[in-house]
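A.B. asks: First the structure, which I've put down as structure tokens, then a few questions once you've had a look.
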Amino acid sequence: MAEMLEAHNISKNYGGVRALKDVTFTAYRGQVNVLVGENGAGKSTLMKILSGSEQPTSGEIRLDGEPVQLGSPRAAQERGIGIIHQELSLFPNMSIAENLFAGREMRKGSTFVDAGGQRRRAREVLKRLGQDRIDPDTLVGDLPIGQQQLVEIGRALLEDVRVLIMDEPTSALSNHEVDVLFEVMADLRQQDVTVIYISHKLDEFRRIGDWVTVFRDGSLVAHESMSKTDTGWIVRQMVGRDPDSLYVRNSSPVGDVLLDVRGLTVPGTVKVDDVSLTVSAGEVVGIYGLMGAGRTELVETLMGMRQAGAGEVSVRGKREPKGTVQARMAAGLALVPEDRQRDGLVQTMSVRENILLATLARMTRSGLLNGAAEQRTAKTKVSELAIKIPGLGALVTALSGGNQQKVVLARALLTEPVVLLLDEPTRGIDVGAKSQIAGLMAELAAQGFGVLFISSELAEVMAMADRVLVMARGRITAEFTAENVTEEALVAASASESVLEGHS
Amino acid sequence: MTDTHVAAPAPTASAPQPEERGNTALARAALLLLRGRTLVVLVVLIIIFSSISSEYLTQSNLILMTKHVAINAILAIGVTFVILTGGIDLSVGSIAGLSSMVAGGLLFKGLNFPGGTVFFSVAVVILIGIVVGALVGAVNGLLITRFRVAPFIATLGMLYVARGAAQLHSNGGTYPDLGGTEARGNTGFGFIGVDSILGIPVAVWIMVVVAAVAIVVTTKTPFGKHIFAVGGNERAAVLSGIRVNRVKIAVYVISGACAALAGLLLTSELGAAYPDTATTYELNAIAAAVLGGTALAGGRGTIIGTVMGAFVIGFLSDGLVLVGVSTFWQSVVKGAVIIFAVITEQAQQRLQSSLTRRTA
């Protein structure tokens with residue numbers, strides 16, 4: 001078994017956060033090397049380093065036994081290392097052929113683009129991807145997401161790749177498209193191409209992988225030939241031995257139903273399909289599922305940021321028909337969004353301003369803001385949630401991820417909600433902050449709030465939720481209580497097409 | 001891990017080397033200078049021009065220049081509200097022209113009804129002029145929120161529409177005499193543009209009041225904070241329950257009203273209303289806001305900065321005239337100063353974020 005690409009003792013620090021801790025990883029030539037681990041475990045960071053877009057803080061990379069410097073994505077490409085990112089980097093306003101050759105157009109003479117030649121090559125690539133019925137002149141923006149992903153893969157195929165890194169390429173693909181992709185991967189393996197494949201979908205990567213490597217909290221915890229493993233072993237490696245030490249279990253008694261959702265349906269590319277659920281006082285409910293399952297769309301619709309096509313939302317037993325953010329906020333809902341930078345924080349404002357943003361109207365005396373009341377309120381929340389800040393007047397961007405998350409939480413709590421909606425509340429923050437946020441959630445439930453949170457992490461959702469709902473393709477496919485939930489069942493339900501038996 | 005680049009630095013980096021500490025002090029001084037750069041530029045301009053011309057720093061010239069500044073400052077304050085939300089208002093010059101013609105027409109020929117002609121007092125005429133500006137601003141706001149037209153396009157269209165309406169109002173002619181008569185009860189329009197109180201032009205007093213109100217609104221009211229929030233991150237503003245569309249419409253109304261007020265001051269000063277009043281003034285207003293540190297992307301800026309920016313532009317233009325620089329060179333210098341201001345703004349932002357990272 002020949003080593004193709006090796007990472008030796010790689011560490012990577014971002015400010016004070018250690019994203020990778022002394023990782024030594026080997027990808028074998030002509031094999032499919034699968035990487036698994038939860039969000040923030042360090043897989044993507046390692047892939048960024050191996051593809052040249054990030055530099056390691058320390059450590060060495062060897063390609064074919066030779067130490068190499070991968071100073072830029074271009075340098076990595078020149079050595080035959082290609083990467084397909086999870087987020088698409090395509091131009092929706094350009095055709096498939098133009099996208100495939102963007103930045104490295106085929107030339108006719110030295111001046112003109114060889115559009116005919118590009119189209120011909122594009123057709124070959126599409127055929128190789130099993131998409132021979134698509135016209136290479138189709139605009140990429142007109143393709144469904146799955147086919148766009150295949151175009152992205154096509155871009156990598158055009159180059160003479162020796163190592164191909166795929167970061168969760170199947171998250172948006174239909175089953176048929178996944179089959180095509182796996183055929184392509186088998187093909188590449190035949191041609192001695194080394195594939196590094198990141199995935200969350202256990203059932204899928206077990207079909208195609210030769211080796212599996214597990215990451216947890218920035219460290220490489222296991223490396224094994226796929227044939228010697230089973231699903232349970234992989235999950236145990238991902239989660240670690242004792243997830244309960246990290247998370248606080250909510251143990252407060254469950255009270256009245258605070259949030260009652262019936263038949264909620266939201267049309268769109270990522271849809272919500274006939275979802276009904278309840279959240280009671282003192283209860284922590286988790287929603288588990290994969291990316292694109294409709295979880296974010298569900299909570300955004302509950303919060304009034306999207307318009308529902310059908311369905312009813314009641315808070316504290318009262319129907320809330322208006323569906324605007326203001327009405328839902330007044331009814332008692334508050335949302336801590338998944339993407340803090342995009343939806344949560346106003347980056348140009350201070351910590352204090354961000355905390356008070358939703359409740360400024362209460363801070364006034366005869367129409368003017370009362371600086372003392374603002375200061376007092378912000379200060380109280382900062383100490384209640386133990387937010388670490390250089391000062392209330394500091395720009396919110398100066399805080400670490402975990403503390404930024406607490407700022408968004410503080411703002412939500414100030415609106416005096418009865419049900420808190422938290423979308424991936426621990427995403428992108430370090431383990432210590434994670435356990436603090438988890439502690440806060442349990443505490444809030446104990447105070448009588450209803451808590452509904454979204455999570456992609458098995459350990460988190462199992463350790464924290466009193467009840468777990470699983471979403472897939474816009475529907476709730478399963479429901480478990482804390483007592484009867486298992487990793488395997490969650491994973492199976494999150495990948496299922498239909499509602500599983502036993503769901504009430 | 002997308003947010004880790006803004007995370008606080010490692011504990012190990014919290015003990016800076018002596019050299020780095022010196023750099024930090026230097027950087028702080030530079031930052032202070034950059035923050036106050038509009039004031040610095042203004043002082044430098046005054047020093048340069050007064051050393052060339054002895055007339056520059058006389059009381060009468062200062063008052064005259066400040067009066068010129070007042071009109072642009074009022075326009076620029078309105079535009080600043082819009083820019084703070086991340087929008088732009090190109091129609092303010094035309095709105096000034098339209099309100100000028102509406103007011104001029106009311107004073108000169110009154111309002112014709114089938115039963116006869118009605119004349120309004122000057123106060124009512126001024127009020128009507130401002131309301132017209134506010135209404136045009138409201139149309140801008142509705143186009144941008146309800147019909148989702150990009151602010152640049154909506155207000156560019158309005159630039160033409162409002163100017164055309166101003167010309168239609170008199171068929172392109174001028175209303176030459178706005179003095180009014182005692183019999184009609186509409187004398188005294190000259191007060192706002194010509195008269196002085198305590199030796200200072202009324203127009204300057206008006207600018208001071210507008211600026212003071214604007215400062216209070218932007219810094220001391222929830223609405224003001226909402227403006228900054230919409231410009232800083234619209235999605236976060238929505239999630240915070242801020243009625244983003246209302247905020248946006250409001251800032252265009254404010255901008256329209258300020259533009260109308262500026263148009264009325266100009267008209268009063270001239271004693272006549274003509275449809276080309278304040279043509280291209282929108283550019284001076286935007287330039288003043290940008291010079292004063294308002295970020296075109298929204299979310300960052302101050303009213304006081306905008307007023308300072310208007311002073312720089314006004315004192316620069318008048319100074320160049322006074323020392324006899326040709327109008328062609330005046331344009332070149334003005335443009336260069338604006339570009340220079342934006343470059344220093346970038347430098348300030350970079351320095352500021354690097355300092356935050358170093359000391360947080």
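Each chain in the structure tokens gets a letter, A, B, ..., in the order shown, and its residues are numbered from 1; ligands are numbered from 1 in order too.
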Give me the residues near Val214 of chain A as a list in words, where near means some atom within 8 Å (using only C-alpha atoms) and where sequence neighbours in that chain fewer than 5 positions away do not count.
C.D. replies: Leu35, Val36, Gly37, Leu220, Val221, Ala222, His223, Ile234, Gln237 and Met238 of chain A
A.B. asks: Would you write out those residues with N, CA and C atoms, as an mmCIF file, in the first residue's frame?
C.D. replies:
```cif
data_model
loop_
_atom_site.group_PDB
_atom_site.id
_atom_site.type_symbol
_atom_site.label_atom_id
_atom_site.label_comp_id
_atom_site.auth_asym_id
_atom_site.auth_seq_id
_atom_site.Cartn_x
_atom_site.Cartn_y
_atom_site.Cartn_z
ATOM 1 N N LEU A 35 -12.765 10.489 5.417
ATOM 2 C CA LEU A 35 -12.572 11.238 6.659
ATOM 3 C C LEU A 35 -13.926 11.492 7.290
ATOM 4 N N VAL A 36 -14.067 11.133 8.548
ATOM 5 C CA VAL A 36 -15.318 11.449 9.235
ATOM 6 C C VAL A 36 -15.013 12.161 10.546
ATOM 7 N N GLY A 37 -16.029 12.799 11.070
ATOM 8 C CA GLY A 37 -15.895 13.539 12.318
ATOM 9 C C GLY A 37 -16.996 14.571 12.352
ATOM 10 N N LEU A 220 -6.679 13.419 15.368
ATOM 11 C CA LEU A 220 -6.995 12.204 14.634
ATOM 12 C C LEU A 220 -7.102 11.081 15.672
ATOM 13 N N VAL A 221 -8.301 10.489 15.817
ATOM 14 C CA VAL A 221 -8.474 9.513 16.892
ATOM 15 C C VAL A 221 -8.457 8.071 16.403
ATOM 16 N N ALA A 222 -8.695 7.850 15.108
ATOM 17 C CA ALA A 222 -8.679 6.468 14.638
ATOM 18 C C ALA A 222 -8.408 6.435 13.145
ATOM 19 N N HIS A 223 -7.745 5.364 12.715
ATOM 20 C CA HIS A 223 -7.420 5.198 11.306
ATOM 21 C C HIS A 223 -7.462 3.700 11.048
ATOM 22 N N ILE A 234 -17.478 3.228 14.207
ATOM 23 C CA ILE A 234 -17.191 4.564 13.685
ATOM 24 C C ILE A 234 -17.880 5.627 14.541
ATOM 25 N N GLN A 237 -16.138 6.144 17.792
ATOM 26 C CA GLN A 237 -14.904 6.916 17.629
ATOM 27 C C GLN A 237 -15.211 8.409 17.456
ATOM 28 N N MET A 238 -16.277 8.705 16.684
ATOM 29 C CA MET A 238 -16.634 10.102 16.425
ATOM 30 C C MET A 238 -17.057 10.815 17.690
#
```
A.B. asks: Apply DSSP to the backbone of this structure and, from segment 441-487 of chain A, keep only the residues in strand (DSSP E); write these as number ranges by chain.
C.D. replies: A: 450-455, 467-472, 475-481
A.B. asks: Based on the backbone DSSP call, show me all residues of segment 7-212 of chain B assigned helix (DSSP H, G or I), as an NGL selection string.
C.D. replies: :B and (11-14 or 18-35 or 37-52 or 59-84 or 92-108 or 122-145 or 151-170 or 190-193 or 202-212)
A.B. asks: Any idea which chain A residues end up within 7 Å of chain B if we count only C-alpha atoms, as a PyMOL selection string please?
C.D. replies: chain A and resi 14-16+40+325-326+342-348+357-358+360-361+367-369+390+397-401+428
A.B. asks: Work out how far apart atom CA of Leu266 of chain B and atom CA of Met101 of chain B are and give it in Å to one decimal.
C.D. replies: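 About the pair atom CA of Leu266 of chain B and atom CA of Met101 of chain B: they are 11.3 Å apart.
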A.B. asks: Val184 of chain A: which residues within 10 Å, counting only C-alpha atoms, same-chain residues fewer than 2 positions away excluded, as a PyMOL selection string?
C.D. replies: chain A and resi 128-130+153+157+178-182+186-190
A.B. asks: As an exercise, work out the distance from atom CA of Phe453 of chain A to atom CA of Leu421 of chain A in Å and give it to one decimal place.
C.D. replies: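 Separation between atom CA of Phe453 of chain A and atom CA of Leu421 of chain A: 5.8 Å.
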